[in-house]
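Structure file work13.cif with mmCIF, C-alpha atoms; chains and numbers go by the auth columns:
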```
data_upload
loop_
_atom_site.group_PDB
_atom_site.id
_atom_site.type_symbol
_atom_site.label_atom_id
_atom_site.label_comp_id
_atom_site.label_asym_id
_atom_site.label_seq_id
_atom_site.Cartn_x
_atom_site.Cartn_y
_atom_site.Cartn_z
_atom_site.B_iso_or_equiv
_atom_site.auth_seq_id
_atom_site.auth_asym_id
ATOM 1 C CA MET A 1 2.738 -43.092 19.795 0.00 1 A
ATOM 2 C CA SER A 2 -0.129 -42.399 17.402 0.00 2 A
ATOM 3 C CA LYS A 3 -1.723 -39.014 16.892 0.00 3 A
ATOM 4 C CA ASN A 4 -4.992 -40.063 18.560 0.00 4 A
ATOM 5 C CA SER A 5 -3.338 -41.394 21.721 0.00 5 A
ATOM 6 C CA LYS A 6 -1.758 -38.044 22.612 0.00 6 A
ATOM 7 C CA ILE A 7 -3.403 -36.016 25.339 0.00 7 A
ATOM 8 C CA LYS A 8 -4.786 -32.869 23.766 0.00 8 A
ATOM 9 C CA LYS A 9 -3.915 -29.414 25.049 0.00 9 A
ATOM 10 C CA SER A 10 -7.618 -28.742 25.611 0.00 10 A
ATOM 11 C CA VAL A 11 -7.600 -31.488 28.247 0.00 11 A
ATOM 12 C CA LEU A 12 -4.071 -31.252 29.650 0.00 12 A
ATOM 13 C CA PHE A 13 -3.961 -27.527 30.488 0.00 13 A
ATOM 14 C CA PRO A 14 -7.319 -27.467 32.322 0.00 14 A
ATOM 15 C CA ILE A 15 -6.266 -30.526 34.354 0.00 15 A
ATOM 16 C CA ILE A 16 -3.052 -28.747 35.345 0.00 16 A
ATOM 17 C CA MET A 17 -5.043 -25.626 36.215 0.00 17 A
ATOM 18 C CA LEU A 18 -7.498 -27.680 38.310 0.00 18 A
ATOM 19 C CA ALA A 19 -4.582 -29.160 40.247 0.00 19 A
ATOM 20 C CA TYR A 20 -3.222 -25.645 40.783 0.00 20 A
ATOM 21 C CA LEU A 21 -6.650 -24.401 41.929 0.00 21 A
ATOM 22 C CA ALA A 22 -6.987 -27.317 44.357 0.00 22 A
ATOM 23 C CA THR A 23 -3.547 -26.523 45.780 0.00 23 A
ATOM 24 C CA MET A 24 -4.420 -22.849 46.174 0.00 24 A
ATOM 25 C CA ALA A 25 -7.742 -23.771 47.813 0.00 25 A
ATOM 26 C CA TRP A 26 -5.848 -25.968 50.290 0.00 26 A
ATOM 27 C CA ILE A 27 -3.340 -23.238 51.036 0.00 27 A
ATOM 28 C CA GLY A 28 -6.096 -20.650 51.456 0.00 28 A
ATOM 29 C CA ARG A 29 -8.305 -22.763 53.727 0.00 29 A
ATOM 30 C CA ASP A 30 -7.407 -20.508 56.664 0.00 30 A
ATOM 31 C CA ARG A 31 -9.678 -17.858 55.118 0.00 31 A
ATOM 32 C CA LEU A 32 -12.483 -20.400 55.191 0.00 32 A
ATOM 33 C CA GLU A 33 -11.765 -21.128 58.851 0.00 33 A
ATOM 34 C CA ARG A 34 -11.892 -17.380 59.582 0.00 34 A
ATOM 35 C CA GLY A 35 -15.383 -17.271 58.122 0.00 35 A
ATOM 36 C CA GLU A 36 -14.592 -15.521 54.846 0.00 36 A
ATOM 37 C CA TYR A 37 -16.889 -17.846 52.873 0.00 37 A
ATOM 38 C CA LEU A 38 -17.781 -15.431 50.078 0.00 38 A
ATOM 39 C CA TYR A 39 -14.139 -14.582 49.373 0.00 39 A
ATOM 40 C CA TYR A 40 -12.971 -18.213 49.516 0.00 40 A
ATOM 41 C CA PHE A 41 -15.701 -19.699 47.348 0.00 41 A
ATOM 42 C CA GLY A 42 -15.767 -16.639 45.094 0.00 42 A
ATOM 43 C CA ILE A 43 -12.119 -17.116 44.195 0.00 43 A
ATOM 44 C CA ILE A 44 -12.687 -20.829 43.601 0.00 44 A
ATOM 45 C CA GLY A 45 -15.746 -20.077 41.450 0.00 45 A
ATOM 46 C CA VAL A 46 -13.889 -17.532 39.327 0.00 46 A
ATOM 47 C CA GLY A 47 -11.016 -19.987 38.925 0.00 47 A
ATOM 48 C CA LEU A 48 -13.384 -22.754 37.801 0.00 48 A
ATOM 49 C CA LEU A 49 -15.071 -20.395 35.349 0.00 49 A
ATOM 50 C CA ILE A 50 -11.711 -19.466 33.832 0.00 50 A
ATOM 51 C CA ILE A 51 -10.726 -23.143 33.559 0.00 51 A
ATOM 52 C CA VAL A 52 -13.995 -24.022 31.795 0.00 52 A
ATOM 53 C CA LEU A 53 -13.581 -21.104 29.378 0.00 53 A
ATOM 54 C CA LEU A 54 -9.978 -22.186 28.755 0.00 54 A
ATOM 55 C CA TYR A 55 -11.141 -25.722 27.947 0.00 55 A
ATOM 56 C CA PHE A 56 -13.759 -24.594 25.446 0.00 56 A
ATOM 57 C CA SER A 57 -11.489 -22.048 23.769 0.00 57 A
ATOM 58 C CA LEU A 58 -8.648 -24.571 23.375 0.00 58 A
ATOM 59 C CA ARG A 59 -11.083 -27.177 22.076 0.00 59 A
ATOM 60 C CA LYS A 60 -12.451 -24.728 19.512 0.00 60 A
ATOM 61 C CA LYS A 61 -8.910 -23.844 18.431 0.00 61 A
ATOM 62 C CA GLU A 62 -8.040 -27.542 17.989 0.00 62 A
ATOM 63 C CA GLN A 63 -11.200 -28.150 15.948 0.00 63 A
ATOM 64 C CA LEU A 64 -10.426 -25.201 13.655 0.00 64 A
ATOM 65 C CA GLN A 65 -6.850 -26.412 13.218 0.00 65 A
ATOM 66 C CA GLN A 66 -8.057 -29.919 12.389 0.00 66 A
ATOM 67 C CA ARG A 67 -10.505 -28.523 9.802 0.00 67 A
ATOM 68 C CA ARG A 68 -7.735 -26.476 8.184 0.00 68 A
ATOM 69 C CA GLU A 69 -5.491 -29.537 8.000 0.00 69 A
ATOM 70 C CA GLU A 70 -8.287 -31.635 6.486 0.00 70 A
ATOM 71 C CA GLU A 71 -8.982 -28.960 3.887 0.00 71 A
ATOM 72 C CA GLN A 72 -5.308 -28.745 3.033 0.00 72 A
ATOM 73 C CA TYR A 73 -4.383 -32.428 3.103 0.00 73 A
ATOM 74 C CA GLY A 74 -7.746 -34.228 3.056 0.00 74 A
ATOM 75 C CA SER A 75 -9.074 -36.515 5.743 0.00 75 A
ATOM 76 C CA TYR A 76 -8.351 -40.209 6.171 0.00 76 A
ATOM 77 C CA GLU A 77 -12.011 -41.056 5.509 0.00 77 A
ATOM 78 C CA SER A 78 -12.013 -39.220 2.167 0.00 78 A
ATOM 79 C CA GLU A 79 -8.833 -41.043 1.103 0.00 79 A
ATOM 80 C CA LYS A 80 -10.354 -44.380 2.080 0.00 80 A
ATOM 81 C CA ALA A 81 -13.516 -43.584 0.082 0.00 81 A
ATOM 82 C CA GLU A 82 -11.449 -42.600 -2.958 0.00 82 A
ATOM 83 C CA ASP A 83 -9.421 -45.810 -2.706 0.00 83 A
ATOM 84 C CA SER A 84 -12.541 -47.952 -2.496 0.00 84 A
ATOM 85 C CA GLN A 85 -14.009 -46.182 -5.549 0.00 85 A
ATOM 86 C CA GLU A 86 -10.809 -46.812 -7.507 0.00 86 A
ATOM 87 C CA ASP A 87 -10.870 -50.497 -6.490 0.00 87 A
ATOM 88 C CA THR A 88 -14.426 -50.908 -7.787 0.00 88 A
ATOM 89 C CA LYS A 89 -13.483 -49.308 -11.145 0.00 89 A
ATOM 90 C CA GLU A 90 -10.678 -51.807 -11.733 0.00 90 A
#
```

Encoded form using structure tokens:
Amino acid sequence: MSKNSKIKKSVLFPIIMLAYLATMAWIGRDRLERGEYLYYFGIIGVGLLIIVLLYFSLRKKEQLQQRREEEQYGSYESEKAEDSQEDTKE
């Protein structure tokens, strides 16, 4: 399995959290039937906001980690460019 085919944490965790939120919304539907609309949709809204913030924070963390790795080891594109420059010199 290549590095690019793995599901990133920034996608996997929010998907799991969305499934959890959907389950909790289903379990709590009796509040909706009792007419507690503000409470029901407020909880769902706060949950969605947290999931979106989680996604963006994990994505930012992954981007920073990737930049650090590229600075330390170099990127594939830079290696390819160096190889092509060496081939033209020969």

- Task: Figure out the distance between CA of Glu62 in chain A and CA of Thr23 in chain A, please, to one decimal in Å.
- Result: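 Going from CA of Thr23 in chain A over to CA of Glu62 in chain A covers 28.2 Å.
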
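Using all atoms listed in the file, the residues found no farther than 12 Å from Pro14 in chain A, other than those of its own chain fewer than 3 positions away, are Ile7, Lys8, Lys9, Ser10, Val11, Met17, Leu18, Ala19, Tyr20, Leu21, Gly47, Leu48, Leu49, Ile50, Ile51, Val52, Leu53, Leu54, Tyr55, Phe56, Ser57, Leu58 and Arg59 of chain A.
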
Can you write out the residues you just picked, keeping C-alpha atoms, as a compact mmCIF listing (two decimals), in the coordinates of the input?
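Output file result_23.txt is given in full below:
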```
# COMPACT_ATOMS: atom_id res chain seq x y z
CA ILE A 7 -3.40 -36.02 25.34
CA LYS A 8 -4.79 -32.87 23.77
CA LYS A 9 -3.92 -29.41 25.05
CA SER A 10 -7.62 -28.74 25.61
CA VAL A 11 -7.60 -31.49 28.25
CA MET A 17 -5.04 -25.63 36.22
CA LEU A 18 -7.50 -27.68 38.31
CA ALA A 19 -4.58 -29.16 40.25
CA TYR A 20 -3.22 -25.64 40.78
CA LEU A 21 -6.65 -24.40 41.93
CA GLY A 47 -11.02 -19.99 38.92
CA LEU A 48 -13.38 -22.75 37.80
CA LEU A 49 -15.07 -20.40 35.35
CA ILE A 50 -11.71 -19.47 33.83
CA ILE A 51 -10.73 -23.14 33.56
CA VAL A 52 -14.00 -24.02 31.80
CA LEU A 53 -13.58 -21.10 29.38
CA LEU A 54 -9.98 -22.19 28.76
CA TYR A 55 -11.14 -25.72 27.95
CA PHE A 56 -13.76 -24.59 25.45
CA SER A 57 -11.49 -22.05 23.77
CA LEU A 58 -8.65 -24.57 23.38
CA ARG A 59 -11.08 -27.18 22.08
```

- Item | Pick from A:Ala25, A:Tyr73, A:Arg68, A:Gln63, whichever lies nearest to Ile44 in chain A using all atoms listed in the file |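 The shortest atom-to-atom distance to Ile44 in chain A comes from A:Ala25.
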
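CA of Val46 in chain A is positioned 16.3 Å from CA of Arg29 in chain A.
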
Using the file's own x, y and z axes, so that the box edges lie along x, y and z, what centre and edge lengths in Å (one decimal) does a box around every listed atom of range 51-65 of chain A get when 6 Å is added on each side? Give it as AutoDock Vina command-line options.
```
--center_x -10.4 --center_y -24.6 --center_z 23.4 --size_x 19.1 --size_y 19.0 --size_z 32.3
```

- May I ask which of the residues A:Ala22, A:Ile27, A:Lys6, A:Leu12 is the closest one to Gly45 in chain A, counting only C-alpha atoms?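 Among A:Ala22, A:Ile27, A:Lys6, A:Leu12, it is A:Ala22 that comes nearest to Gly45 in chain A.
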